[in-house]
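**Student:** Just passing along the structure, written as structure tokens.
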Amino acid sequence: MSEAKPKSTPADGIKPDGAPKPRRGKPRRQKPRDEGSRHEVPRKKKPREKNASTVEAAAPEVVDETPPPEAVEPDPELTPEAAEQARKKYLLKRFWISGRGYWGRHGDKLGWPLTVGLLILIVVNVGFQYGINVWNRSIFDAIEKRDAHTVYFLSAVFVPLVLGSLGLVVAQVYLRMTMQRRWRSWLTTSVIARWLANGRYYQLNLVQGDHQNPEARLSEDLRVATEAPVDFVAGVIVATLSASTFIVVLWTIGGALSFTLGGSTITVPGFLVITAVIYAAITSTSMFVIGRDFVRLSEEKNQKEAEFRYVLTRVRENGESIALLGGEEEERSGIDRTFAGVLKRWAQLTGQHMRTALVSQGSSLFAPVVPVLLCAPKFLEGSMSLGQVMQAASAFAIVQGAFGWLVDNYPRLADWNASARRIASLMMSLDGLERAEQSDELGRIGHGETKGDTMLSLDNLSVTLDDGTSVVKETEVAVEAGERVLVSGESGSGKSTLVRAIAGLWPWGSGSANLHPDKRLFMLPQRPYIPSGTLRRVVAYPAAADNWKLEQIKGALDKVGLTHLAGRIKEEAPWDQTLSGGEKQRVAFARLLLHRPDIVVLDEATSALDEKSQDQMMATVIRELPDVTIVSVAHRAELEAFHTRKITLERRKGGAKLVGDIDLMRRKRKRGLFQRALWGSSARNEKPGKPSNR
């Protein structure tokens, strides 16, 4: 089987799992804009947002220092089946590229101490097993000789042997589970930090790739992917040491077996060892043959389970809309179809487990009997004592258990394989986004800083889809302090996409979106996010709830028309389900009044309000924040009364273009501040009686 071959040029690479493929282009490289300004954090020279600092501290090697691996493609000469195998093989390699960092220079400081301590305990415990095996021989020899003194002495010795072995086993469990917990914590923190960085959690929704249901991958799959390897490595070491130790015991005790066949005497040296190896080879081969589909079925089962959780989550999150439309039967039908897929995979896995249980249980039943039967002739002829027979039986069982370790753990190994590949697929999609961010050859929107009093400028900004399709083309606009700009245009003209580009969430395109270096930007989307917790936390978001006094939060609620909620400010409730669409938008405006930013971008932020409430909300913002700069995206013509300027986007073939830029109010404005290219704009694009800004 051929392996996937790395490509030297990241821009050419679609990863084997279909992660996003970057495009070539020539973006204008600007001075990087501080990520903290994306919402409302002051624009200081900090590499990350305040709320991400603990994440970075836990995993700096992944977030800040380690570049993503190069893009990898299967060899084009491979058959589809071989290419899929190469892809799966690389996914496991990709998991270890990140996972092994736990033991690296920037990993967990307890990683190596826990590992070394676990290895020492394993070695010592194997020594105790050998001691118990020797004790087993001695006690049965004493019983055979009716030596009471030796029997009593060995009975007393057995207690410390057992207590020592039990203590070692308990200590192994502690070190093993501590390592698993800390490794999971380290890797989860690292992957989540990459997932949240630069809006990648949002951008994954915009690109193709095997990264569906990331929440299931980050929770369940990553748990399995970090727990199982520690168990596997510990199990392999125990099996290897046990097999090596007790094979010597079997060889020494069993010696050679001689028997007559066809008049000739045949001697088989180390017959117990040979029997143990043959016995283990039969059971292991049987398990491989029977369980060859385990990995595939486990992978499919995990995917179906994730899809089932996602469907249930969607129903919960959209419960109000489903209830109002009476869509319960349709949702029930969709849930039943998804759950049927889960049950089908479980049924297939049941057959696999039945066959593996047959091999495993059969092996465990025969293992203690086989050595006794083999040693019986030598015991009966007097060349082997009862103690030696029992020691050989004990050693044979230990060796067989060591050789059969894979037989007992193959189902779990298959489960780990599937989980590691799922989390690696998410990592590779994040790799693609991160490479695109770091490459100078890719079409990326730059983010820089404005000069003078200009608060926001779009410098030859073009916005495209991730496949290169143009959405907004070559826009140049500048907004000075205190302006209130209304962005209008028909649905689908790219207004909301332009807003996402300004916020830094939409990465694909060229040109730059620049903000004032010392000002704060605050976004109000059409559907405000309502976090869980108290109403106080909901209103204060994205800052901490205790950043403002209760009176300040109550005052903000009162100003936006939510006085009736002021008495419930400390109450924890499912506010996302409790608040109406209009109330959620009012909460967003209450946040705006609390945070008091310098620049506000409203993306259909009043769409759920009636006209009167919309007017009151805009009047409140202008009254409470008289110097704020506003950029609004909206369809309602009534909003023109609250803005000083209007720009119009028109959808055209090859991408929307700016076709109008007019003043809505007479203002003293500096001429020459706004350098823009208005394609197709003319006097008919401007309202009669309104002075043009051109």
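Chain lettering (A, B, ...) mirrors the order of the structure tokens, residue numbering begins at 1 for each chain separately, and ligand numbering begins at 1 in order of display.
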Can you check which parts of stretch 589-610 of chain A lie within 9 Å of stretch 524-532 of chain A? Per residue, the shortest pair of atoms and distance in Å to one decimal, counting only C-alpha atoms, sorted by chain and number, as JSON lines.
**Tutor:**
{"residue": "A:Phe589", "atom": "CA", "partner": "A:Leu524", "partner_atom": "CA", "distance": 7.8}
{"residue": "A:Leu592", "atom": "CA", "partner": "A:Leu524", "partner_atom": "CA", "distance": 8.2}
{"residue": "A:Val600", "atom": "CA", "partner": "A:Leu524", "partner_atom": "CA", "distance": 7.5}
{"residue": "A:Val601", "atom": "CA", "partner": "A:Leu524", "partner_atom": "CA", "distance": 6.1}
{"residue": "A:Leu602", "atom": "CA", "partner": "A:Leu524", "partner_atom": "CA", "distance": 4.9}
{"residue": "A:Asp603", "atom": "CA", "partner": "A:Pro525", "partner_atom": "CA", "distance": 4.9}
{"residue": "A:Glu604", "atom": "CA", "partner": "A:Gln526", "partner_atom": "CA", "distance": 5.0}
{"residue": "A:Ala605", "atom": "CA", "partner": "A:Gln526", "partner_atom": "CA", "distance": 4.7}
{"residue": "A:Thr606", "atom": "CA", "partner": "A:Gln526", "partner_atom": "CA", "distance": 7.3}
{"residue": "A:Ser607", "atom": "CA", "partner": "A:Gln526", "partner_atom": "CA", "distance": 7.0}
{"residue": "A:Ala608", "atom": "CA", "partner": "A:Gln526", "partner_atom": "CA", "distance": 8.3}
**Student:** Using only C-alpha atoms, which residues sit within 9 Å of A:Leu175 once same-chain residues fewer than 5 positions away are excluded, as an MDAnalysis selection string?
**Tutor:** chainID A and resid 114:115 117:118 170 180
**Student:** Please return as a ChimeraX atom specification: the residues of stretch 400-608 of chain A that backbone DSSP assigns to strand (DSSP E).
**Tutor:** /A:446-449,454-464,470-480,484-488,509-515,521-524,599-603
**Student:** Select, from A:Arg645, A:Ser419, A:Ala83, A:Arg316, the residue with the minimum atom-to-atom distance to A:Asp576, counting only C-alpha atoms.
**Tutor:** A:Arg316
**Student:** As a list in words, please: the residues near stretch 372-379 of chain A (cut-off 10 Å, only C-alpha atoms, same-chain neighbours under 6 positions excluded).
**Tutor:**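 Selected residues are Ile253, Gly254, Leu257, Ser258, Phe271, Leu272, Thr275, Ser385, Leu386, Gly387, Gln388, Val389, Met390, Gln391, Ala392, Ala393, Ser394 and Phe396 of chain A.
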**Student:** Can you list every residue of stretch 201-258 of chain A that has an atom at most 12 Å from stretch 282-305 of chain A, with its nearest atom pair and the distance in Å to one decimal, using only C-alpha atoms, ordered by chain then number, as JSON lines?
**Tutor:**
{"residue": "A:Asp210", "atom": "CA", "partner": "A:Gln303", "partner_atom": "CA", "distance": 10.8}
{"residue": "A:His211", "atom": "CA", "partner": "A:Gln303", "partner_atom": "CA", "distance": 10.8}
{"residue": "A:Gln212", "atom": "CA", "partner": "A:Gln303", "partner_atom": "CA", "distance": 9.1}
{"residue": "A:Asn213", "atom": "CA", "partner": "A:Gln303", "partner_atom": "CA", "distance": 8.9}
{"residue": "A:Pro214", "atom": "CA", "partner": "A:Gln303", "partner_atom": "CA", "distance": 11.2}
{"residue": "A:Ala216", "atom": "CA", "partner": "A:Glu305", "partner_atom": "CA", "distance": 9.0}
{"residue": "A:Arg217", "atom": "CA", "partner": "A:Gln303", "partner_atom": "CA", "distance": 9.5}
{"residue": "A:Glu220", "atom": "CA", "partner": "A:Asn302", "partner_atom": "CA", "distance": 9.3}
{"residue": "A:Asp221", "atom": "CA", "partner": "A:Asn302", "partner_atom": "CA", "distance": 8.3}
{"residue": "A:Val224", "atom": "CA", "partner": "A:Asn302", "partner_atom": "CA", "distance": 11.1}
**Student:** Can you list, as a PDB file with all heavy atoms, in the first residue's frame, every protein, DNA or RNA residue that comes within 12 Å of A:Thr240 when you count only C-alpha atoms, leaving out same-chain residues fewer than 2 positions away?
**Tutor:**
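Listed below is the output, around_5.pdb:
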ATOM      1  N   ILE A 122       5.018  -0.725  36.272  1.00  0.00           N
ATOM      2  CA  ILE A 122       4.716  -1.908  35.458  1.00  0.00           C
ATOM      3  C   ILE A 122       5.809  -2.954  35.623  1.00  0.00           C
ATOM      4  O   ILE A 122       5.533  -4.152  35.811  1.00  0.00           O
ATOM      5  CB  ILE A 122       4.550  -1.503  33.979  1.00  0.00           C
ATOM      6  CG1 ILE A 122       3.241  -0.738  33.779  1.00  0.00           C
ATOM      7  CG2 ILE A 122       4.576  -2.737  33.081  1.00  0.00           C
ATOM      8  CD1 ILE A 122       3.065  -0.174  32.383  1.00  0.00           C
ATOM      9  N   VAL A 123       7.074  -2.517  35.558  1.00  0.00           N
ATOM     10  CA  VAL A 123       8.199  -3.461  35.685  1.00  0.00           C
ATOM     11  C   VAL A 123       8.186  -4.118  37.065  1.00  0.00           C
ATOM     12  O   VAL A 123       8.341  -5.346  37.196  1.00  0.00           O
ATOM     13  CB  VAL A 123       9.530  -2.727  35.437  1.00  0.00           C
ATOM     14  CG1 VAL A 123      10.712  -3.647  35.749  1.00  0.00           C
ATOM     15  CG2 VAL A 123       9.615  -2.247  33.996  1.00  0.00           C
ATOM     16  N   VAL A 126       5.392  -6.699  37.360  1.00  0.00           N
ATOM     17  CA  VAL A 126       5.719  -7.961  36.703  1.00  0.00           C
ATOM     18  C   VAL A 126       6.633  -8.791  37.604  1.00  0.00           C
ATOM     19  O   VAL A 126       6.507 -10.029  37.675  1.00  0.00           O
ATOM     20  CB  VAL A 126       6.370  -7.708  35.326  1.00  0.00           C
ATOM     21  CG1 VAL A 126       6.924  -9.001  34.741  1.00  0.00           C
ATOM     22  CG2 VAL A 126       5.365  -7.096  34.370  1.00  0.00           C
ATOM     23  N   PHE A 232      -3.360   1.220  25.715  1.00  0.00           N
ATOM     24  CA  PHE A 232      -2.725   0.313  24.755  1.00  0.00           C
ATOM     25  C   PHE A 232      -1.225   0.182  25.013  1.00  0.00           C
ATOM     26  O   PHE A 232      -0.682  -0.922  25.038  1.00  0.00           O
ATOM     27  CB  PHE A 232      -2.959   0.799  23.330  1.00  0.00           C
ATOM     28  CG  PHE A 232      -4.390   0.731  22.897  1.00  0.00           C
ATOM     29  CD1 PHE A 232      -4.859   1.557  21.897  1.00  0.00           C
ATOM     30  CD2 PHE A 232      -5.270  -0.153  23.496  1.00  0.00           C
ATOM     31  CE1 PHE A 232      -6.185   1.511  21.500  1.00  0.00           C
ATOM     32  CE2 PHE A 232      -6.596  -0.222  23.107  1.00  0.00           C
ATOM     33  CZ  PHE A 232      -7.046   0.618  22.105  1.00  0.00           C
ATOM     34  N   VAL A 233      -0.557   1.305  25.197  1.00  0.00           N
ATOM     35  CA  VAL A 233       0.893   1.266  25.420  1.00  0.00           C
ATOM     36  C   VAL A 233       1.209   0.525  26.716  1.00  0.00           C
ATOM     37  O   VAL A 233       2.108  -0.326  26.767  1.00  0.00           O
ATOM     38  CB  VAL A 233       1.473   2.690  25.438  1.00  0.00           C
ATOM     39  CG1 VAL A 233       2.931   2.663  25.873  1.00  0.00           C
ATOM     40  CG2 VAL A 233       1.346   3.330  24.063  1.00  0.00           C
ATOM     41  N   ALA A 234       0.457   0.855  27.774  1.00  0.00           N
ATOM     42  CA  ALA A 234       0.673   0.151  29.039  1.00  0.00           C
ATOM     43  C   ALA A 234       0.399  -1.339  28.873  1.00  0.00           C
ATOM     44  O   ALA A 234       1.152  -2.189  29.383  1.00  0.00           O
ATOM     45  CB  ALA A 234      -0.222   0.746  30.128  1.00  0.00           C
ATOM     46  N   GLY A 235      -0.668  -1.678  28.150  1.00  0.00           N
ATOM     47  CA  GLY A 235      -0.991  -3.084  27.934  1.00  0.00           C
ATOM     48  C   GLY A 235       0.068  -3.815  27.135  1.00  0.00           C
ATOM     49  O   GLY A 235       0.410  -4.963  27.449  1.00  0.00           O
ATOM     50  N   VAL A 236       0.607  -3.173  26.107  1.00  0.00           N
ATOM     51  CA  VAL A 236       1.652  -3.803  25.286  1.00  0.00           C
ATOM     52  C   VAL A 236       2.920  -4.021  26.112  1.00  0.00           C
ATOM     53  O   VAL A 236       3.562  -5.086  26.017  1.00  0.00           O
ATOM     54  CB  VAL A 236       1.954  -2.927  24.055  1.00  0.00           C
ATOM     55  CG1 VAL A 236       3.227  -3.396  23.361  1.00  0.00           C
ATOM     56  CG2 VAL A 236       0.789  -2.970  23.079  1.00  0.00           C
ATOM     57  N   ILE A 237       3.270  -3.035  26.938  1.00  0.00           N
ATOM     58  CA  ILE A 237       4.479  -3.191  27.758  1.00  0.00           C
ATOM     59  C   ILE A 237       4.292  -4.323  28.765  1.00  0.00           C
ATOM     60  O   ILE A 237       5.181  -5.167  28.952  1.00  0.00           O
ATOM     61  CB  ILE A 237       4.801  -1.869  28.477  1.00  0.00           C
ATOM     62  CG1 ILE A 237       5.204  -0.805  27.449  1.00  0.00           C
ATOM     63  CG2 ILE A 237       5.922  -2.072  29.485  1.00  0.00           C
ATOM     64  CD1 ILE A 237       5.413   0.562  28.049  1.00  0.00           C
ATOM     65  N   VAL A 238       3.131  -4.352  29.415  1.00  0.00           N
ATOM     66  CA  VAL A 238       2.855  -5.432  30.367  1.00  0.00           C
ATOM     67  C   VAL A 238       2.889  -6.781  29.652  1.00  0.00           C
ATOM     68  O   VAL A 238       3.487  -7.749  30.144  1.00  0.00           O
ATOM     69  CB  VAL A 238       1.489  -5.212  31.049  1.00  0.00           C
ATOM     70  CG1 VAL A 238       1.096  -6.457  31.845  1.00  0.00           C
ATOM     71  CG2 VAL A 238       1.538  -4.005  31.966  1.00  0.00           C
ATOM     72  N   SER A 242       5.611  -9.592  30.486  1.00  0.00           N
ATOM     73  CA  SER A 242       5.067 -10.835  31.037  1.00  0.00           C
ATOM     74  C   SER A 242       5.418 -12.020  30.149  1.00  0.00           C
ATOM     75  O   SER A 242       5.836 -13.090  30.636  1.00  0.00           O
ATOM     76  CB  SER A 242       3.552 -10.720  31.181  1.00  0.00           C
ATOM     77  OG  SER A 242       3.208  -9.689  32.083  1.00  0.00           O
ATOM     78  N   ALA A 243       5.239 -11.829  28.841  1.00  0.00           N
ATOM     79  CA  ALA A 243       5.560 -12.920  27.917  1.00  0.00           C
ATOM     80  C   ALA A 243       7.040 -13.283  27.999  1.00  0.00           C
ATOM     81  O   ALA A 243       7.403 -14.469  28.052  1.00  0.00           O
ATOM     82  CB  ALA A 243       5.177 -12.515  26.498  1.00  0.00           C
ATOM     83  N   SER A 244       7.903 -12.271  28.022  1.00  0.00           N
ATOM     84  CA  SER A 244       9.351 -12.534  28.065  1.00  0.00           C
ATOM     85  C   SER A 244       9.739 -13.260  29.348  1.00  0.00           C
ATOM     86  O   SER A 244      10.551 -14.202  29.333  1.00  0.00           O
ATOM     87  CB  SER A 244      10.116 -11.212  27.965  1.00  0.00           C
ATOM     88  OG  SER A 244       9.785 -10.524  26.783  1.00  0.00           O
ATOM     89  N   THR A 245       9.165 -12.821  30.470  1.00  0.00           N
ATOM     90  CA  THR A 245       9.523 -13.416  31.759  1.00  0.00           C
ATOM     91  C   THR A 245       9.038 -14.852  31.871  1.00  0.00           C
ATOM     92  O   THR A 245       9.793 -15.766  32.250  1.00  0.00           O
ATOM     93  CB  THR A 245       8.936 -12.571  32.902  1.00  0.00           C
ATOM     94  OG1 THR A 245       9.441 -11.246  32.812  1.00  0.00           O
ATOM     95  CG2 THR A 245       9.299 -13.169  34.250  1.00  0.00           C
ATOM     96  N   PHE A 246       7.781 -15.075  31.513  1.00  0.00           N
ATOM     97  CA  PHE A 246       7.199 -16.386  31.787  1.00  0.00           C
ATOM     98  C   PHE A 246       7.428 -17.394  30.670  1.00  0.00           C
ATOM     99  O   PHE A 246       7.206 -18.588  30.865  1.00  0.00           O
ATOM    100  CB  PHE A 246       5.710 -16.220  32.093  1.00  0.00           C
ATOM    101  CG  PHE A 246       5.479 -15.537  33.419  1.00  0.00           C
ATOM    102  CD1 PHE A 246       5.213 -14.178  33.482  1.00  0.00           C
ATOM    103  CD2 PHE A 246       5.581 -16.253  34.598  1.00  0.00           C
ATOM    104  CE1 PHE A 246       5.024 -13.556  34.696  1.00  0.00           C
ATOM    105  CE2 PHE A 246       5.394 -15.633  35.821  1.00  0.00           C
ATOM    106  CZ  PHE A 246       5.118 -14.280  35.879  1.00  0.00           C
ATOM    107  N   ILE A 247       7.873 -16.924  29.518  1.00  0.00           N
ATOM    108  CA  ILE A 247       8.352 -17.879  28.515  1.00  0.00           C
ATOM    109  C   ILE A 247       9.601 -18.582  29.039  1.00  0.00           C
ATOM    110  O   ILE A 247       9.786 -19.791  28.854  1.00  0.00           O
ATOM    111  CB  ILE A 247       8.629 -17.161  27.177  1.00  0.00           C
ATOM    112  CG1 ILE A 247       7.313 -16.975  26.410  1.00  0.00           C
ATOM    113  CG2 ILE A 247       9.605 -17.942  26.328  1.00  0.00           C
ATOM    114  CD1 ILE A 247       7.466 -16.221  25.111  1.00  0.00           C
ATOM    115  N   ILE A 398      -0.480 -16.817  31.960  1.00  0.00           N
ATOM    116  CA  ILE A 398       0.035 -15.447  31.848  1.00  0.00           C
ATOM    117  C   ILE A 398       0.577 -15.191  30.444  1.00  0.00           C
ATOM    118  O   ILE A 398       0.316 -14.142  29.838  1.00  0.00           O
ATOM    119  CB  ILE A 398       1.118 -15.194  32.915  1.00  0.00           C
ATOM    120  CG1 ILE A 398       0.499 -15.233  34.318  1.00  0.00           C
ATOM    121  CG2 ILE A 398       1.804 -13.847  32.667  1.00  0.00           C
ATOM    122  CD1 ILE A 398       1.512 -15.124  35.442  1.00  0.00           C
ATOM    123  N   VAL A 399       1.340 -16.165  29.913  1.00  0.00           N
ATOM    124  CA  VAL A 399       1.878 -16.000  28.555  1.00  0.00           C
ATOM    125  C   VAL A 399       0.752 -15.925  27.541  1.00  0.00           C
ATOM    126  O   VAL A 399       0.762 -15.090  26.626  1.00  0.00           O
ATOM    127  CB  VAL A 399       2.831 -17.159  28.216  1.00  0.00           C
ATOM    128  CG1 VAL A 399       3.225 -17.129  26.741  1.00  0.00           C
ATOM    129  CG2 VAL A 399       4.081 -17.081  29.082  1.00  0.00           C
ATOM    130  N   GLN A 400      -0.247 -16.802  27.696  1.00  0.00           N
ATOM    131  CA  GLN A 400      -1.370 -16.785  26.770  1.00  0.00           C
ATOM    132  C   GLN A 400      -2.133 -15.464  26.864  1.00  0.00           C
ATOM    133  O   GLN A 400      -2.579 -14.912  25.857  1.00  0.00           O
ATOM    134  CB  GLN A 400      -2.309 -17.959  27.075  1.00  0.00           C
ATOM    135  CG  GLN A 400      -3.528 -18.011  26.176  1.00  0.00           C
ATOM    136  CD  GLN A 400      -3.169 -18.006  24.709  1.00  0.00           C
ATOM    137  OE1 GLN A 400      -2.179 -18.611  24.313  1.00  0.00           O
ATOM    138  NE2 GLN A 400      -3.941 -17.303  23.908  1.00  0.00           N
ATOM    139  N   GLY A 401      -2.278 -14.948  28.080  1.00  0.00           N
ATOM    140  CA  GLY A 401      -2.935 -13.649  28.243  1.00  0.00           C
ATOM    141  C   GLY A 401      -2.153 -12.533  27.578  1.00  0.00           C
ATOM    142  O   GLY A 401      -2.730 -11.611  26.993  1.00  0.00           O
ATOM    143  N   ALA A 402      -0.815 -12.622  27.681  1.00  0.00           N
ATOM    144  CA  ALA A 402       0.026 -11.608  27.037  1.00  0.00           C
ATOM    145  C   ALA A 402      -0.082 -11.695  25.518  1.00  0.00           C
ATOM    146  O   ALA A 402      -0.250 -10.682  24.831  1.00  0.00           O
ATOM    147  CB  ALA A 402       1.479 -11.782  27.471  1.00  0.00           C
ATOM    148  N   PHE A 403       0.007 -12.927  24.981  1.00  0.00           N
ATOM    149  CA  PHE A 403      -0.118 -13.091  23.538  1.00  0.00           C
ATOM    150  C   PHE A 403      -1.518 -12.741  23.049  1.00  0.00           C
ATOM    151  O   PHE A 403      -1.699 -12.270  21.924  1.00  0.00           O
ATOM    152  CB  PHE A 403       0.215 -14.534  23.134  1.00  0.00           C
ATOM    153  CG  PHE A 403       1.685 -14.841  23.124  1.00  0.00           C
ATOM    154  CD1 PHE A 403       2.151 -16.105  23.439  1.00  0.00           C
ATOM    155  CD2 PHE A 403       2.610 -13.868  22.784  1.00  0.00           C
ATOM    156  CE1 PHE A 403       3.509 -16.395  23.422  1.00  0.00           C
ATOM    157  CE2 PHE A 403       3.959 -14.140  22.768  1.00  0.00           C
ATOM    158  CZ  PHE A 403       4.416 -15.406  23.086  1.00  0.00           C
ATOM    159  N   GLY A 404      -2.507 -13.014  23.886  1.00  0.00           N
ATOM    160  CA  GLY A 404      -3.889 -12.745  23.489  1.00  0.00           C
ATOM    161  C   GLY A 404      -4.362 -11.348  23.826  1.00  0.00           C
ATOM    162  O   GLY A 404      -5.571 -11.080  23.774  1.00  0.00           O
ATOM    163  N   TRP A 405      -3.436 -10.458  24.192  1.00  0.00           N
ATOM    164  CA  TRP A 405      -3.831  -9.096  24.560  1.00  0.00           C
ATOM    165  C   TRP A 405      -4.581  -8.424  23.411  1.00  0.00           C
ATOM    166  O   TRP A 405      -5.595  -7.759  23.625  1.00  0.00           O
ATOM    167  CB  TRP A 405      -2.587  -8.281  24.930  1.00  0.00           C
ATOM    168  CG  TRP A 405      -2.908  -6.872  25.317  1.00  0.00           C
ATOM    169  CD1 TRP A 405      -3.228  -6.420  26.564  1.00  0.00           C
ATOM    170  CD2 TRP A 405      -2.953  -5.733  24.455  1.00  0.00           C
ATOM    171  NE1 TRP A 405      -3.473  -5.068  26.527  1.00  0.00           N
ATOM    172  CE2 TRP A 405      -3.308  -4.620  25.242  1.00  0.00           C
ATOM    173  CE3 TRP A 405      -2.726  -5.541  23.098  1.00  0.00           C
ATOM    174  CZ2 TRP A 405      -3.442  -3.344  24.717  1.00  0.00           C
ATOM    175  CZ3 TRP A 405      -2.864  -4.270  22.572  1.00  0.00           C
ATOM    176  CH2 TRP A 405      -3.219  -3.191  23.368  1.00  0.00           C
ATOM    177  N   LEU A 406      -4.085  -8.600  22.200  1.00  0.00           N
ATOM    178  CA  LEU A 406      -4.746  -7.989  21.055  1.00  0.00           C
ATOM    179  C   LEU A 406      -6.136  -8.569  20.841  1.00  0.00           C
ATOM    180  O   LEU A 406      -7.071  -7.853  20.462  1.00  0.00           O
ATOM    181  CB  LEU A 406      -3.899  -8.178  19.793  1.00  0.00           C
ATOM    182  CG  LEU A 406      -4.451  -7.538  18.511  1.00  0.00           C
ATOM    183  CD1 LEU A 406      -4.568  -6.036  18.674  1.00  0.00           C
ATOM    184  CD2 LEU A 406      -3.579  -7.884  17.322  1.00  0.00           C
TER     185      LEU A 406
END
**Student:** Of the candidates A:Lys559, A:Lys109, A:Arg87, A:Arg94, which shows the shortest atom-to-atom distance to A:Met617, using only C-alpha atoms?
**Tutor:**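 The shortest atom-to-atom distance to A:Met617 comes from A:Lys559.
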**Student:** Would you kindly return, as a list in words, each protein, DNA or RNA residue with an atom no farther than 9 Å from any atom of A:Arg586, considering only C-alpha atoms and excluding same-chain residues fewer than 3 positions away?
**Tutor:**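 Selected residues are Leu557, Val560, Gly561, Leu562, Gly581, Gly582, Glu583, Phe589, Ala590, Arg591, Thr606, Leu609 and Met617 of chain A.
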**Student:** So what do you get for atom CA of A:Met179 versus atom CA of A:Leu92, distance-wise?
**Tutor:**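 Atom-to-atom, atom CA of A:Met179 and atom CA of A:Leu92 are spaced 20.4 Å apart.
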**Student:** Might you pull out every residue within 8 Å of stretch 484-501 of chain A, with only C-alpha atoms counted and same-chain residues fewer than 3 positions away left off, and present them as a PyMOL selection string?
**Tutor:** chain A and resi 445+463+471-472+479+504-507+513+601+603+629-635+639-640+642-651+656
**Student:** Pick from A:Ile502, A:Leu161, A:Ile569, A:Ala156: nearest to A:Val124, with only C-alpha atoms counted?
**Tutor:**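 Among the listed residues, the smallest separation from A:Val124 belongs to A:Leu161.
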**Student:** Under the rule of at most 10 Å, produce a per-residue listing of stretch 402-476 of chain A near stretch 356-366 of chain A: chain, number, name, the closest pair of atoms, and the distance in Å, as a tab-separated table, using only C-alpha atoms.
**Tutor:**
residue	atom	partner	partner_atom	distance
A:Gly404	CA	A:Ser360	CA	8.3
A:Trp405	CA	A:Ser360	CA	9.9
A:Val407	CA	A:Ser360	CA	6.5
A:Asp408	CA	A:Ser360	CA	6.3
A:Asn409	CA	A:Ser360	CA	9.9
A:Tyr410	CA	A:Thr356	CA	8.7
A:Pro411	CA	A:Thr356	CA	8.2
**Student:** Return as number ranges by chain the full set of residues in stretch 38-246 of chain A whose backbone-based DSSP assignment is alpha helix (DSSP H).
**Tutor:** A: 53-58, 60, 80-99, 111-145, 148-196, 200-203, 214-216, 222-246
**Student:** So the first atom is atom CA of A:Val621 and the second is atom CA of A:Ala556; what is the distance between them in Å, to one decimal place?
**Tutor:**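 Calculated distance between atom CA of A:Val621 and atom CA of A:Ala556 is 11.0 Å.
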**Student:** Rounded to one decimal in Å, what is the spacing between atom CA of A:Phe339 and atom CA of A:Leu218?
**Tutor:**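 Distance reported for this atom pair: 21.6 Å.
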**Student:** Quick one: everything within 10 Å of A:Glu331, counting only C-alpha atoms, minus sequence neighbours fewer than 2 positions away in the same chain. Send it as JSON, numbers by chain.
**Tutor:** {"A": [311, 312, 314, 315, 322, 326, 327, 328, 329, 333, 334, 335, 336, 337]}
